[in-house]
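Beneath this line is the structure, given in C-alpha cells, with notes to follow.
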2 protein chains.
Amino acid sequence: GPLKEVLFFPSPQVCVEHLFTSHRSFPCACPFPHGIQTSFSRLLEHLLSARTSLEMCIFSFSNMEMSRAILLLHKRGVVVRVVTDRDYMTITGSQIGALRKAGISVRHEMSSAVHMHHKFALVDGRKLISGSLNWTLTAVQSNKENVIITEEPELVRPFQQEFLKLWEASDPA
Amino acid sequence: GPLKEVLFFPSPQVCVEHLFTSHRSFPCACPFPHGIQTSFSRLLEHLLSARTSLEMCIFSFSNMEMSRAILLLHKRGVVVRVVTDRDYMTITGSQIGALRKAGISVRHEMSSAVHMHHKFALVDGRKLISGSLNWTLTAVQSNKENVIITEEPELVRPFQQEFLKLWEASDPA
Ligand SMILES: [Zn+2]
Ligand SMILES: [Zn+2]
C-alpha cells in the first residue's frame, strides 16, 4: 500500500549536515553524533524529497534546520507556499521573515481572534506530513509529539483542499 | 480499505444533545441548530463509539462536551486512561479534575520542562483519532485545525505503542 509512517518526538540531537551537503569530501567537525537516523532526520529527509512543490500550513515556525531545508528547496526551484498564523509569525525566532526575504510566498490568517493551528505540509501534492509537532526546536528536542507521513490519497486529498482553501482566504501582506 | 476520515475545524455550533440522549421523546429546546452534522458532532460520534477502551494522550482538555462524552463512556464501563500535560492539567477550565473525581485514571508528564503535546485518542485499541486539535472550545469553534480518524493498522499500531510507553513513564499522582 501507499507510504504510511509515524514519527515520535522528542528526537535526540544528531548531525544532519549530510542531508544538506550531498558531496562532502571531509569529515564533519560538529560535536553531535554522526551516521544516526532519528525522527528529526527522517522528517527533514521527507521535506527535502520535494521536487516540484511544498505547501505548508504551519502555526509556529522557528526551527533553523527546517528553515534551512525550506530555503534550500526554494533555491532548487521547488515552488514553496506557506500559510501561517498572524500572531506567531512575528514572535522572536520566527523564520517566516527569512522565508519572505528569500522570496517565498507567505500568507497569514486574517483574524487575530483565530489561530491557524495546523502543522501540515504537502510534498509534491502527494505526500502529507501532519501531526502535533510545531516546527520549533522545543517541539523537536523536548516535547512528546507525533507526525504522520503518508501518501494515502484518502488522507492527502482533504489536506490538499484545505491548503488551497486557506491559501485563497489568507492575507498575502 | 480501513476507515480513513479527515475532519477540519472550526466547526459551527450545533446541538449535539441527541448524541448523549438516545431515547428522547421531546424536542430539544436549546437555541442551536438541530439535525446538522458537523466536524465536531462527527468527532463526538467517533469518541462515543468506544465499547471497551479509550486511551488518550491530550495536551489541553477543557471542552465540556468532550468531557461529558468521556464521563458517559466511563459510566458505561469503558476503560478510560488519560495521559496529559503537567502544566495544562491545572489551568482554568481544565476537565482533568472532573475526570479524576469520577474515578478515571489520569497520569501526567513527569517533567515541567517538557510538554506532553500529543492530542490523540485510541478507541477500542483499533481506531486512531489524532491531529492538531486540542480538546478545547476555542480549538473546536475558532481555530483552523485538523483531525485524522483511521483504523489503518500501520498508523494505529505505533500510536498504541506510544500510548503504552507514555502511560508507563507518567506520574499517576
Ligand atoms: Zn556534524
Ligand atoms: Zn438542542
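Scheme for the C-alpha cells: letters A, B, ... for chains in order shown; per-chain residue numbers from 1; ligand numbers from 1 in order shown.
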May I ask you to write as an MDAnalysis selection string all residues lying at most 10 Å from ligand 1, with only C-alpha atoms and all ligand atoms counted? chainID A and resid 14:18 27:35
Please find the residues of chain B near chain A - the criterion being any atom within 6 Å, counting only C-alpha atoms - and write them as number ranges by chain. B: 114-118, 131-132, 142-145
Now that the selection is made, can you save its residues with N, CA, C and O atoms as a compact mmCIF listing (two decimals), in the first residue's frame?
# COMPACT_ATOMS: atom_id res chain seq x y z
N VAL B 114 9.05 19.82 29.92
CA VAL B 114 8.68 19.10 28.71
C VAL B 114 7.16 19.14 28.58
O VAL B 114 6.46 18.99 29.57
N HIS B 115 6.66 19.35 27.38
CA HIS B 115 5.21 19.28 27.19
C HIS B 115 4.78 17.95 26.57
O HIS B 115 5.39 17.49 25.60
N MET B 116 3.75 17.36 27.15
CA MET B 116 3.08 16.21 26.53
C MET B 116 2.09 16.83 25.55
O MET B 116 0.99 17.18 25.93
N HIS B 117 2.56 17.05 24.32
CA HIS B 117 1.84 17.88 23.35
C HIS B 117 0.97 17.08 22.40
O HIS B 117 0.28 17.66 21.54
N HIS B 118 0.96 15.74 22.55
CA HIS B 118 0.07 14.93 21.71
C HIS B 118 -1.39 15.35 21.92
O HIS B 118 -1.75 15.84 22.99
N GLY B 131 -4.56 14.69 15.58
CA GLY B 131 -4.40 15.86 14.73
C GLY B 131 -3.80 17.02 15.47
O GLY B 131 -3.06 16.84 16.44
N SER B 132 -4.15 18.22 15.01
CA SER B 132 -3.65 19.45 15.63
C SER B 132 -4.57 19.93 16.74
O SER B 132 -4.19 20.79 17.54
N SER B 142 -13.10 28.07 16.90
CA SER B 142 -12.45 29.23 16.28
C SER B 142 -11.28 28.89 15.36
O SER B 142 -11.11 29.52 14.33
N ASN B 143 -10.45 27.94 15.77
CA ASN B 143 -9.18 27.75 15.08
C ASN B 143 -9.30 26.95 13.79
O ASN B 143 -10.23 26.17 13.61
N LYS B 144 -8.29 27.12 12.93
CA LYS B 144 -8.08 26.22 11.80
C LYS B 144 -7.35 25.00 12.34
O LYS B 144 -6.19 25.12 12.79
N GLU B 145 -8.02 23.84 12.31
CA GLU B 145 -7.48 22.63 12.92
C GLU B 145 -7.82 21.42 12.07
O GLU B 145 -8.75 21.47 11.25
Hey, what's within 8 Å of His74 (chain A) if we count only C-alpha atoms and toss same-chain stuff fewer than 5 positions away? As a PyMOL selection string, please? chain A and resi 79-80+104
Next, write the just-selected residues to a file, as a tab-separated table (two decimals), in the first residue's frame, keeping N, CA and C atoms as the atom set.
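Result written to selection_28.tsv:
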chain	number	residue	atom	x	y	z
A	79	VAL	N	8.49	25.07	-5.84
A	79	VAL	CA	7.54	26.15	-5.53
A	79	VAL	C	7.02	25.97	-4.11
A	80	VAL	N	7.43	26.88	-3.23
A	80	VAL	CA	7.06	26.79	-1.81
A	80	VAL	C	5.98	27.83	-1.51
A	104	ILE	N	10.02	33.65	-0.85
A	104	ILE	CA	8.99	32.61	-0.72
A	104	ILE	C	7.64	33.26	-0.40
Just how far from CA of Leu19 (chain B) is CA of Ser49 (chain B), in Å to one decimal? 10.4 Å
For Ser60 (chain A), find every residue with an atom within 8 Å (counting only C-alpha atoms), except residues of its own chain fewer than 3 positions away, and show them as a list in words.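 So, after excluding close chain neighbours, the residues are Thr84, Asp85, Tyr88, Met89, Ser94, Asn134, Trp135 and Thr136 of chain A.
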Distance query Leu72 (chain A) at most 12 Å, only C-alpha atoms, self and fewer than 2 positions along chain excluded, as a PyMOL selection string: chain A and resi 19-21+44+47-51+54+65-70+74-80+99+102+104
Residue nearest His108 (chain A) among A:Ile96, A:Ile129, A:Met64, A:Leu43 (counting only C-alpha atoms):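 Smallest separation from His108 (chain A) among the options: A:Ile96.
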Quote the spacing between CA of Asp124 (chain A) and CA of Leu128 (chain B) in Å to one decimal place. 26.1 Å
Quick one: distance from CA of Lys101 (chain A) to CA of Glu45 (chain A) in Å, one decimal?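 Taking CA of Lys101 (chain A) and CA of Glu45 (chain A), their separation equals 24.1 Å.
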Top pick for closest residue to Gln13 (chain A), considering A:Val82, A:Leu73, A:Leu137, A:Thr52 and counting only C-alpha atoms: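 Smallest distance to Gln13 (chain A) is found for A:Leu137.
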Extract the full set of strand (DSSP E) residues from region 38-95 of chain B according to DSSP on the backbone, and format it as JSON, numbers by chain. {"B": [53, 54, 55, 56, 57, 58, 79, 80, 81, 82, 83, 84]}
Atoms kept (all heavy atoms) for selection, written as a PDB file, in the first residue's frame:
ATOM      1  N   SER B  53     -12.537   0.290  25.446  1.00  0.00           N
ATOM      2  CA  SER B  53     -11.454   1.123  25.990  1.00  0.00           C
ATOM      3  C   SER B  53     -11.308   2.436  25.235  1.00  0.00           C
ATOM      4  O   SER B  53     -11.590   2.524  24.036  1.00  0.00           O
ATOM      5  CB  SER B  53     -10.117   0.366  25.963  1.00  0.00           C
ATOM      6  OG  SER B  53      -9.676   0.196  24.632  1.00  0.00           O
ATOM      7  N   LEU B  54     -10.855   3.436  25.966  1.00  0.00           N
ATOM      8  CA  LEU B  54     -10.472   4.715  25.350  1.00  0.00           C
ATOM      9  C   LEU B  54      -9.165   5.143  26.006  1.00  0.00           C
ATOM     10  O   LEU B  54      -9.092   5.309  27.235  1.00  0.00           O
ATOM     11  CB  LEU B  54     -11.545   5.781  25.578  1.00  0.00           C
ATOM     12  CG  LEU B  54     -11.258   7.117  24.872  1.00  0.00           C
ATOM     13  CD1 LEU B  54     -11.493   7.008  23.366  1.00  0.00           C
ATOM     14  CD2 LEU B  54     -12.117   8.234  25.454  1.00  0.00           C
ATOM     15  N   GLU B  55      -8.121   5.270  25.173  1.00  0.00           N
ATOM     16  CA  GLU B  55      -6.809   5.678  25.674  1.00  0.00           C
ATOM     17  C   GLU B  55      -6.471   7.024  25.051  1.00  0.00           C
ATOM     18  O   GLU B  55      -6.494   7.161  23.831  1.00  0.00           O
ATOM     19  CB  GLU B  55      -5.777   4.618  25.295  1.00  0.00           C
ATOM     20  CG  GLU B  55      -6.076   3.287  25.968  1.00  0.00           C
ATOM     21  CD  GLU B  55      -5.443   2.085  25.275  1.00  0.00           C
ATOM     22  OE1 GLU B  55      -5.482   2.009  24.033  1.00  0.00           O
ATOM     23  OE2 GLU B  55      -4.930   1.219  25.998  1.00  0.00           O
ATOM     24  N   MET B  56      -6.167   8.005  25.879  1.00  0.00           N
ATOM     25  CA  MET B  56      -5.980   9.359  25.381  1.00  0.00           C
ATOM     26  C   MET B  56      -4.651   9.946  25.834  1.00  0.00           C
ATOM     27  O   MET B  56      -4.278   9.820  26.990  1.00  0.00           O
ATOM     28  CB  MET B  56      -7.085  10.276  25.934  1.00  0.00           C
ATOM     29  CG  MET B  56      -8.492   9.853  25.616  1.00  0.00           C
ATOM     30  SD  MET B  56      -9.754  10.551  26.769  1.00  0.00           S
ATOM     31  CE  MET B  56      -9.159  12.217  27.014  1.00  0.00           C
ATOM     32  N   CYS B  57      -3.948  10.622  24.911  1.00  0.00           N
ATOM     33  CA  CYS B  57      -2.828  11.492  25.259  1.00  0.00           C
ATOM     34  C   CYS B  57      -3.251  12.881  24.825  1.00  0.00           C
ATOM     35  O   CYS B  57      -3.269  13.180  23.625  1.00  0.00           O
ATOM     36  CB  CYS B  57      -1.551  11.077  24.533  1.00  0.00           C
ATOM     37  SG  CYS B  57      -0.783   9.596  25.189  1.00  0.00           S
ATOM     38  N   ILE B  58      -3.617  13.719  25.778  1.00  0.00           N
ATOM     39  CA  ILE B  58      -4.228  15.013  25.457  1.00  0.00           C
ATOM     40  C   ILE B  58      -3.522  16.134  26.206  1.00  0.00           C
ATOM     41  O   ILE B  58      -3.516  16.163  27.432  1.00  0.00           O
ATOM     42  CB  ILE B  58      -5.736  15.003  25.814  1.00  0.00           C
ATOM     43  CG1 ILE B  58      -6.478  13.927  25.012  1.00  0.00           C
ATOM     44  CG2 ILE B  58      -6.357  16.384  25.574  1.00  0.00           C
ATOM     45  CD1 ILE B  58      -6.548  14.173  23.518  1.00  0.00           C
ATOM     46  N   VAL B  79     -13.176   1.288  29.713  1.00  0.00           N
ATOM     47  CA  VAL B  79     -11.966   1.583  30.492  1.00  0.00           C
ATOM     48  C   VAL B  79     -11.251   2.785  29.869  1.00  0.00           C
ATOM     49  O   VAL B  79     -10.714   2.687  28.768  1.00  0.00           O
ATOM     50  CB  VAL B  79     -11.018   0.366  30.556  1.00  0.00           C
ATOM     51  CG1 VAL B  79      -9.741   0.720  31.335  1.00  0.00           C
ATOM     52  CG2 VAL B  79     -11.729  -0.824  31.192  1.00  0.00           C
ATOM     53  N   VAL B  80     -11.263   3.914  30.578  1.00  0.00           N
ATOM     54  CA  VAL B  80     -10.662   5.151  30.071  1.00  0.00           C
ATOM     55  C   VAL B  80      -9.337   5.402  30.784  1.00  0.00           C
ATOM     56  O   VAL B  80      -9.277   5.330  32.019  1.00  0.00           O
ATOM     57  CB  VAL B  80     -11.615   6.356  30.284  1.00  0.00           C
ATOM     58  CG1 VAL B  80     -10.972   7.643  29.765  1.00  0.00           C
ATOM     59  CG2 VAL B  80     -12.972   6.114  29.629  1.00  0.00           C
ATOM     60  N   ARG B  81      -8.285   5.652  29.999  1.00  0.00           N
ATOM     61  CA  ARG B  81      -6.985   6.011  30.575  1.00  0.00           C
ATOM     62  C   ARG B  81      -6.481   7.274  29.889  1.00  0.00           C
ATOM     63  O   ARG B  81      -6.490   7.352  28.657  1.00  0.00           O
ATOM     64  CB  ARG B  81      -5.982   4.873  30.389  1.00  0.00           C
ATOM     65  CG  ARG B  81      -6.384   3.616  31.168  1.00  0.00           C
ATOM     66  CD  ARG B  81      -5.260   2.604  31.242  1.00  0.00           C
ATOM     67  NE  ARG B  81      -4.994   1.973  29.955  1.00  0.00           N
ATOM     68  CZ  ARG B  81      -3.999   1.103  29.753  1.00  0.00           C
ATOM     69  NH1 ARG B  81      -3.183   0.771  30.754  1.00  0.00           N
ATOM     70  NH2 ARG B  81      -3.826   0.552  28.563  1.00  0.00           N
ATOM     71  N   VAL B  82      -6.011   8.223  30.681  1.00  0.00           N
ATOM     72  CA  VAL B  82      -5.634   9.535  30.153  1.00  0.00           C
ATOM     73  C   VAL B  82      -4.205   9.887  30.548  1.00  0.00           C
ATOM     74  O   VAL B  82      -3.856   9.799  31.726  1.00  0.00           O
ATOM     75  CB  VAL B  82      -6.587  10.630  30.693  1.00  0.00           C
ATOM     76  CG1 VAL B  82      -6.226  12.002  30.117  1.00  0.00           C
ATOM     77  CG2 VAL B  82      -8.056  10.289  30.411  1.00  0.00           C
ATOM     78  N   VAL B  83      -3.389  10.271  29.572  1.00  0.00           N
ATOM     79  CA  VAL B  83      -2.079  10.871  29.842  1.00  0.00           C
ATOM     80  C   VAL B  83      -2.173  12.335  29.426  1.00  0.00           C
ATOM     81  O   VAL B  83      -2.641  12.639  28.331  1.00  0.00           O
ATOM     82  CB  VAL B  83      -0.941  10.184  29.054  1.00  0.00           C
ATOM     83  CG1 VAL B  83       0.399  10.882  29.323  1.00  0.00           C
ATOM     84  CG2 VAL B  83      -0.851   8.705  29.407  1.00  0.00           C
ATOM     85  N   THR B  84      -1.755  13.226  30.316  1.00  0.00           N
ATOM     86  CA  THR B  84      -1.903  14.645  29.996  1.00  0.00           C
ATOM     87  C   THR B  84      -0.651  15.434  30.371  1.00  0.00           C
ATOM     88  O   THR B  84       0.328  14.870  30.879  1.00  0.00           O
ATOM     89  CB  THR B  84      -3.173  15.220  30.682  1.00  0.00           C
ATOM     90  OG1 THR B  84      -3.458  16.517  30.138  1.00  0.00           O
ATOM     91  CG2 THR B  84      -2.994  15.334  32.186  1.00  0.00           C
TER      92      THR B  84
END
Which one is closest to ligand 2: B:Ser112, B:Pro2, B:Arg107, B:Ile36? Count only C-alpha atoms and all ligand atoms.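 When distances to ligand 2 are compared using only C-alpha atoms and all ligand atoms, the smallest one comes from B:Ile36.
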As a VMD selection string, please: every residue in chain B that DSSP puts in helix (DSSP H, G or I). chain B and resid 17 to 20 39 to 48 64 to 75 88 to 90 96 to 101 137 to 141 153 to 169
